[in-house]
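entry.txt follows (compact mmCIF, C-alpha atoms and all ligand atoms):
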# COMPACT_ATOMS: atom_id res chain seq x y z
CA MET E 1 15.49 28.10 25.70
CA LEU E 2 18.35 25.70 24.97
CA LYS E 3 18.11 22.38 26.75
CA PHE E 4 20.48 19.41 26.38
CA THR E 5 19.33 16.22 28.09
CA GLU E 6 21.78 13.35 28.60
CA ILE E 7 23.69 14.05 25.37
CA GLN E 8 26.21 11.50 24.17
CA LYS E 9 28.55 12.09 21.25
CA SER E 10 31.47 9.96 20.11
CA TYR E 11 33.89 10.37 17.25
CA THR E 12 36.02 7.66 15.70
CA ILE E 13 39.60 8.85 15.98
CA ASN E 14 42.31 6.65 14.38
CA GLY E 15 39.81 3.80 14.16
CA VAL E 16 38.88 4.02 17.84
CA SER E 17 35.52 5.37 19.05
CA GLN E 18 36.04 8.07 21.69
CA LYS E 19 33.29 9.54 23.83
CA ILE E 20 33.51 13.34 23.61
CA LEU E 21 30.25 14.19 25.38
CA ASP E 22 29.08 11.64 27.91
CA GLY E 23 25.61 12.23 29.29
CA LEU E 24 25.87 16.03 29.19
CA SER E 25 22.87 18.08 30.31
CA LEU E 26 22.41 21.86 30.41
CA ASP E 27 19.56 24.33 30.48
CA VAL E 28 20.17 27.86 29.16
CA LYS E 29 17.39 30.36 29.81
CA LYS E 30 16.14 32.99 27.34
CA GLY E 31 18.34 36.09 27.29
CA GLU E 32 21.14 34.33 29.16
CA VAL E 33 24.75 34.72 28.04
CA ALA E 34 26.12 31.24 28.68
CA GLY E 35 29.84 30.60 28.56
CA VAL E 36 31.27 27.16 27.82
CA PHE E 37 34.67 26.83 29.38
CA GLY E 38 37.10 23.94 29.24
CA PRO E 39 40.55 22.86 28.10
CA SER E 40 41.34 22.39 24.44
CA GLY E 41 39.89 19.10 23.20
CA SER E 42 37.26 18.92 25.97
CA GLY E 43 34.40 19.12 23.44
CA LYS E 44 33.39 22.81 23.45
CA SER E 45 33.13 23.04 19.65
CA THR E 46 31.34 19.70 19.55
CA LEU E 47 28.75 21.08 22.00
CA LEU E 48 28.35 24.24 19.87
CA HIS E 49 27.98 22.20 16.67
CA LEU E 50 25.20 20.15 18.28
CA ALA E 51 23.42 23.30 19.53
CA GLY E 52 23.78 24.83 16.04
CA LEU E 53 22.38 21.73 14.33
CA ILE E 54 25.61 21.30 12.39
CA ASP E 55 26.03 17.84 13.91
CA ARG E 56 23.73 15.38 15.70
CA PRO E 57 24.07 13.62 19.04
CA ASP E 58 24.31 9.82 19.21
CA ARG E 59 21.89 9.80 22.14
CA GLY E 60 19.89 12.28 24.19
CA SER E 61 17.67 15.18 23.18
CA ILE E 62 18.18 18.84 22.33
CA GLU E 63 15.40 21.39 22.66
CA ILE E 64 15.58 24.93 21.27
CA ASN E 65 12.79 27.34 22.17
CA GLY E 66 10.31 24.52 22.74
CA THR E 67 11.19 22.52 19.60
CA ASN E 68 12.76 19.10 20.05
CA VAL E 69 15.37 19.52 17.31
CA SER E 70 16.58 15.94 17.75
CA GLU E 71 13.37 14.90 15.99
CA ILE E 72 13.62 17.10 12.89
CA SER E 73 15.72 16.25 9.85
CA GLY E 74 16.87 17.28 6.37
CA SER E 75 15.37 20.48 4.96
CA GLU E 76 13.50 21.15 8.22
CA THR E 77 16.83 21.26 10.06
CA LEU E 78 18.25 23.67 7.49
CA LYS E 79 15.19 25.92 7.72
CA PHE E 80 15.26 25.88 11.53
CA ARG E 81 18.98 26.73 11.57
CA ASN E 82 18.57 29.59 9.05
CA GLN E 83 15.64 31.12 10.91
CA LYS E 84 16.51 30.56 14.54
CA ILE E 85 20.27 30.36 14.92
CA GLY E 86 23.07 32.85 14.27
CA PHE E 87 26.78 32.00 14.23
CA VAL E 88 29.96 33.96 14.93
CA PHE E 89 33.40 32.37 14.64
CA GLN E 90 36.92 33.48 15.52
CA HIS E 91 37.37 34.63 11.91
CA HIS E 92 34.70 37.05 10.68
CA PHE E 93 34.21 35.50 7.19
CA LEU E 94 32.92 38.77 5.71
CA ILE E 95 32.50 38.79 1.92
CA SER E 96 35.16 41.14 0.55
CA GLU E 97 33.13 42.08 -2.59
CA LEU E 98 30.26 43.46 -0.48
CA CYS E 99 30.22 46.57 1.71
CA VAL E 100 29.27 46.37 5.38
CA TRP E 101 25.50 46.87 5.10
CA GLN E 102 25.38 44.36 2.22
CA ASN E 103 27.28 41.81 4.32
CA VAL E 104 24.82 42.34 7.16
CA CYS E 105 21.71 41.59 5.07
CA PHE E 106 23.33 39.14 2.64
CA GLY E 107 21.17 36.22 3.84
CA GLY E 108 18.01 38.21 3.07
CA ALA E 109 19.38 39.29 -0.33
CA ILE E 110 19.96 35.66 -1.33
CA LYS E 111 16.39 34.81 -0.37
CA ASN E 112 14.93 37.79 -2.30
CA ASN E 113 17.46 37.66 -5.15
CA CYS E 114 18.35 41.34 -4.62
CA PHE E 115 19.50 43.94 -2.09
CA SER E 116 16.16 45.75 -1.73
CA MET E 117 15.73 49.16 -0.09
CA GLY E 118 13.83 47.42 2.72
CA LEU E 119 16.77 45.14 3.46
CA LYS E 120 19.18 48.07 3.38
CA GLN E 121 16.95 50.01 5.78
CA ASN E 122 16.83 47.06 8.20
CA ALA E 123 20.60 46.61 7.99
CA LEU E 124 21.17 50.31 8.71
CA GLU E 125 18.78 50.24 11.67
CA LEU E 126 20.62 47.24 13.12
CA LEU E 127 24.03 48.87 12.60
CA ASP E 128 22.69 51.98 14.33
CA PHE E 129 21.36 49.93 17.25
CA LEU E 130 24.74 48.25 17.59
CA GLY E 131 26.57 51.61 17.48
CA ILE E 132 28.46 50.89 14.24
CA MET E 133 26.40 52.89 11.74
CA SER E 134 29.53 54.75 10.63
CA LEU E 135 30.84 51.51 9.09
CA ALA E 136 27.80 50.95 6.83
CA GLU E 137 29.38 51.89 3.48
CA ARG E 138 32.89 50.63 4.26
CA TRP E 139 34.55 47.64 2.58
CA PRO E 140 35.74 44.70 4.72
CA GLU E 141 39.39 45.24 3.73
CA LYS E 142 39.21 48.72 5.32
CA LEU E 143 37.95 47.44 8.69
CA SER E 144 40.04 46.62 11.74
CA GLY E 145 39.75 43.15 13.32
CA GLY E 146 37.40 44.44 16.02
CA GLU E 147 35.21 46.31 13.53
CA SER E 148 35.01 43.23 11.31
CA GLN E 149 33.93 41.10 14.23
CA ARG E 150 31.23 43.58 15.22
CA VAL E 151 29.91 43.51 11.64
CA ALA E 152 29.97 39.69 11.73
CA ILE E 153 27.83 39.85 14.89
CA ALA E 154 25.40 42.23 13.16
CA ARG E 155 25.12 39.78 10.26
CA ALA E 156 24.54 36.88 12.66
CA VAL E 157 21.61 38.64 14.38
CA PHE E 158 20.06 40.23 11.26
CA ASN E 159 17.28 37.62 11.25
CA SER E 160 16.65 38.07 15.01
CA PRO E 161 17.74 34.52 15.88
CA ASP E 162 16.57 32.90 19.12
CA LEU E 163 20.07 31.60 19.71
CA LEU E 164 23.45 33.17 18.92
CA ILE E 165 26.35 30.71 18.92
CA MET E 166 29.85 32.14 19.23
CA ASP E 167 33.01 30.04 18.91
CA GLU E 168 36.04 31.96 20.26
CA PRO E 169 34.59 35.31 19.06
CA THR E 170 37.35 37.38 20.64
CA GLY E 171 40.18 34.94 19.92
CA SER E 172 41.93 37.22 17.40
CA LEU E 173 41.27 40.56 19.10
CA ASP E 174 43.31 42.90 21.32
CA SER E 175 42.01 43.74 24.78
CA ALA E 176 40.17 46.97 23.78
CA ASN E 177 38.32 45.16 21.01
CA LYS E 178 37.56 42.19 23.29
CA LYS E 179 35.79 44.65 25.59
CA ASP E 180 33.82 46.25 22.71
CA VAL E 181 32.69 42.90 21.36
CA THR E 182 31.72 41.73 24.85
CA LYS E 183 29.72 44.94 25.39
CA LEU E 184 27.87 44.37 22.17
CA VAL E 185 27.00 40.77 23.08
CA LEU E 186 25.66 41.90 26.46
CA LYS E 187 23.55 44.58 24.74
CA LEU E 188 21.99 41.96 22.43
CA ALA E 189 21.12 39.73 25.37
CA ALA E 190 19.78 42.56 27.56
CA GLU E 191 17.83 44.53 24.96
CA LEU E 192 16.82 41.96 22.33
CA LYS E 193 16.67 38.98 24.74
CA THR E 194 18.93 36.99 22.41
CA THR E 195 20.19 33.83 24.09
CA VAL E 196 23.94 33.52 23.60
CA LEU E 197 26.16 30.45 23.86
CA ILE E 198 29.88 31.27 23.83
CA ALA E 199 32.89 28.95 23.85
CA SER E 200 36.03 30.86 24.71
CA HIS E 201 39.37 30.87 26.48
CA ASP E 202 39.10 34.63 26.97
CA ASN E 203 38.76 35.55 30.64
CA TYR E 204 37.17 38.94 29.96
CA ILE E 205 34.20 37.64 27.95
CA MET E 206 33.81 34.66 30.30
CA GLU E 207 33.72 36.91 33.40
CA ASN E 208 30.83 38.79 31.79
CA CYS E 209 28.71 35.72 31.06
CA SER E 210 25.59 35.33 33.18
CA LYS E 211 26.39 31.64 33.60
CA ILE E 212 29.46 29.47 33.04
CA TYR E 213 29.30 25.81 32.09
CA ARG E 214 32.59 24.02 32.81
CA LEU E 215 33.20 21.10 30.51
CA ALA E 216 35.36 18.19 31.65
CA ASN E 217 35.25 14.45 30.98
CA GLY E 218 32.35 14.91 28.58
CA LYS E 219 30.09 16.47 31.21
CA ILE E 220 29.22 19.86 32.69
CA ASN E 221 30.63 20.24 36.18
P1 LIG E 301 37.41 21.91 21.93
O1 LIG E 301 36.52 22.80 21.15
O2 LIG E 301 37.11 21.91 23.40
O3 LIG E 301 38.86 22.14 21.68
P2 LIG E 301 36.44 19.84 20.15
O4 LIG E 301 34.98 19.71 20.36
O5 LIG E 301 36.90 20.59 18.95
O6 LIG E 301 37.12 20.39 21.48
O7 LIG E 301 37.07 18.38 20.04
C1 LIG E 301 36.93 17.38 21.05
C2 LIG E 301 37.59 16.10 20.53
O8 LIG E 301 36.79 15.58 19.45
C3 LIG E 301 38.99 16.30 19.98
O9 LIG E 301 39.75 15.16 20.33
C4 LIG E 301 38.76 16.35 18.48
O10 LIG E 301 39.89 15.89 17.78
C5 LIG E 301 37.58 15.42 18.29
N1 LIG E 301 36.74 15.79 17.14
C6 LIG E 301 36.03 16.92 17.02
N2 LIG E 301 35.32 16.92 15.87
C7 LIG E 301 35.61 15.74 15.25
C8 LIG E 301 35.20 15.12 14.02
N3 LIG E 301 34.32 15.74 13.22
N4 LIG E 301 35.70 13.90 13.73
C9 LIG E 301 36.55 13.28 14.56
N5 LIG E 301 36.97 13.81 15.74
C10 LIG E 301 36.51 15.01 16.07
If you took the structure in this file and wrote it as structure tokens, what would it be?
Ligand code: ADP
Amino acid sequence: MLKFTEIQKSYTINGVSQKILDGLSLDVKKGEVAGVFGPSGSGKSTLLHLAGLIDRPDRGSIEINGTNVSEISGSETLKFRNQKIGFVFQHHFLISELCVWQNVCFGGAIKNNCFSMGLKQNALELLDFLGIMSLAERWPEKLSGGESQRVAIARAVFNSPDLLIMDEPTGSLDSANKKDVTKLVLKLAAELKTTVLIASHDNYIMENCSKIYRLANGKIN
């Protein structure tokens, strides 16, 4: 589903080019929950940015669900990212002027220029599937950190992405909420066959990944 072949990525830091990823290869299967583990500065976010088409490798190829995304560019990249990839970050980035169900289907509302009844229905069905229907009419400022993060996950999967990318998704949560968020991620992978790529320092979510990729010296060990 997600295949990196011999990826190289360097950044120029203080005028000096530094190799962050150095011939990295990985192969994540459909429906797998893949954890990327490594010390701070080892290149976890860089790897996620490449998988999310936010950045490009210097060398090597990246394949997502059969498409060689190293070969697409410009508006095609944007379209591919919008349709096939969902993102969750440590901070939820919910829009405070919109209630929960509106946040969940916001991407669709922008496309259609309105919050249609169809979009609302789809958002409610997703919230129900994720076990957070009771939050549908709430405002982000009234949600706890864990609730906000679960809503952010619902928003990220509203379009049924092939790949869900999560950068430290439980980084700001207490242990009960870490467990709830982890449970929800496992449900998405098991029941919707969403492929998930998670970078985290959190032992609980990492222990529950189906596969762990350890990043060191620019490679997977
Ligand atoms: P991690 O997520 O494992 O902490 P990162 O991928 O964020 O690691 O960063 C790896 C290294 O690459 C760090 O030294 C960081 O400063 C550097 N880096 C990351 N992104 C950029 C960038 N856009 N420009 C320059 N250096 C960067």
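CA of Leu2 in chain E lies 19.3 Å from CA of Glu168 in chain E.
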Item to check | Minimum-distance residue to Val88 in chain E, chosen among E:Gln8, E:Thr170, E:Thr46, E:Gln121 (using all atoms listed in the file) | outcome: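 Of all the options, E:Thr170 lies closest to Val88 in chain E.
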Next on the checklist: Applying 7 Å and only C-alpha atoms, which residues near Thr195 in chain E remain after dropping the ones on its own chain fewer than 3 positions away? List them as a ChimeraX atom specification.
Outcome noted: /E:30-33,162-164,189
Next on the checklist: Which residue is closest to ligand LIG 301 (chain E)? Choose from E:Glu191, E:Glu125, E:Asp167, E:Glu71 and count only C-alpha atoms and all ligand atoms.
Outcome noted: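 Closest to ligand LIG 301 (chain E), using only C-alpha atoms and all ligand atoms: E:Asp167.
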Please report, as AutoDock Vina command-line options, the centre and edge lengths in Å to one decimal of an axis-aligned box covering all listed atoms of ligand LIG 301 (chain E) with 5 Å per side.
--center_x 37.1 --center_y 18.0 --center_z 18.3 --size_x 15.6 --size_y 19.5 --size_z 20.2
Checklist entry - Can I get the residues close to ligand LIG 301 (chain E) as a PyMOL selection string, where close means within 7 Å and we count only C-alpha atoms and all ligand atoms? => result chain E and resi 11-13+20+38-47
With 6 Å as the cut-off and all atoms listed in the file counted, what is the closest atom pair between each nearby residue of range 61-117 of chain E and range 156-161 of chain E? Distances in Å to one decimal, ordered by chain and number, as a Markdown table.
| residue | atom | partner | partner_atom | distance |
| --- | --- | --- | --- | --- |
| E:Lys84 | CA | E:Pro161 | CA | 4.4 |
| E:Ile85 | CA | E:Pro161 | CA | 5.0 |
| E:Gly86 | CA | E:Ala156 | CA | 4.6 |
| E:Phe87 | CA | E:Ala156 | CA | 5.6 |
Checklist entry - Interatomic distance between CA of Ile212 in chain E and CA of Asn65 in chain E? => result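 Value for the CA of Ile212 in chain E-CA of Asn65 in chain E distance: 20.0 Å.
Counting all atoms listed in the file, Ser200 in chain E has the following residues at most 8 Å away, ignoring those fewer than 5 positions along the same chain: E:Gly35, E:Val36, E:Phe37, E:Asp167, E:Glu168, E:Pro169, E:Thr170, E:Gly171, E:Ile205, E:Met206.
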Save out the residues we just selected, C-alpha atoms, as a PDB file, in the coordinates of the input.
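selection_17.pdb, written as the output of this step:
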ATOM      1  CA  GLY E  35      29.840  30.600  28.560  1.00  0.00           C
ATOM      2  CA  VAL E  36      31.270  27.160  27.820  1.00  0.00           C
ATOM      3  CA  PHE E  37      34.670  26.830  29.380  1.00  0.00           C
ATOM      4  CA  ASP E 167      33.010  30.040  18.910  1.00  0.00           C
ATOM      5  CA  GLU E 168      36.040  31.960  20.260  1.00  0.00           C
ATOM      6  CA  PRO E 169      34.590  35.310  19.060  1.00  0.00           C
ATOM      7  CA  THR E 170      37.350  37.380  20.640  1.00  0.00           C
ATOM      8  CA  GLY E 171      40.180  34.940  19.920  1.00  0.00           C
ATOM      9  CA  ILE E 205      34.200  37.640  27.950  1.00  0.00           C
ATOM     10  CA  MET E 206      33.810  34.660  30.300  1.00  0.00           C
TER      11      MET E 206
END
Checklist entry - Which is closest to Ser116 in chain E among E:Leu192, E:Ser210, E:Trp101, E:Asp180, if we use only C-alpha atoms? => result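 Closest to Ser116 in chain E of all the choices is E:Trp101.
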Item to check | Neighbour list for Lys19 in chain E as a PyMOL selection string, cut-off 7 Å, all atoms listed in the file, skip fewer than 3 positions in-chain | outcome: chain E and resi 9-11+22
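Between Gly145 in chain E and the residues E:Gln90, E:Ser96, E:Gln18, E:Gln102, the shortest atom-to-atom distance, using all atoms listed in the file, involves E:Gln90.
Separating CA of Lys179 in chain E from CA of Val196 in chain E is a distance of 16.4 Å.
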Checklist outcome for this item: Counting all atoms listed in the file, closest pick from E:Ile95, E:Gln83, E:Ser25, E:Ala136 relative to Gly52 in chain E is E:Gln83
Item to check | Using all atoms listed in the file: which of E:Leu135, E:Val104, E:Met166, E:Ile220 has the shortest distance to Asn122 in chain E | outcome: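 Among E:Leu135, E:Val104, E:Met166, E:Ile220, it is E:Val104 that comes nearest to Asn122 in chain E.
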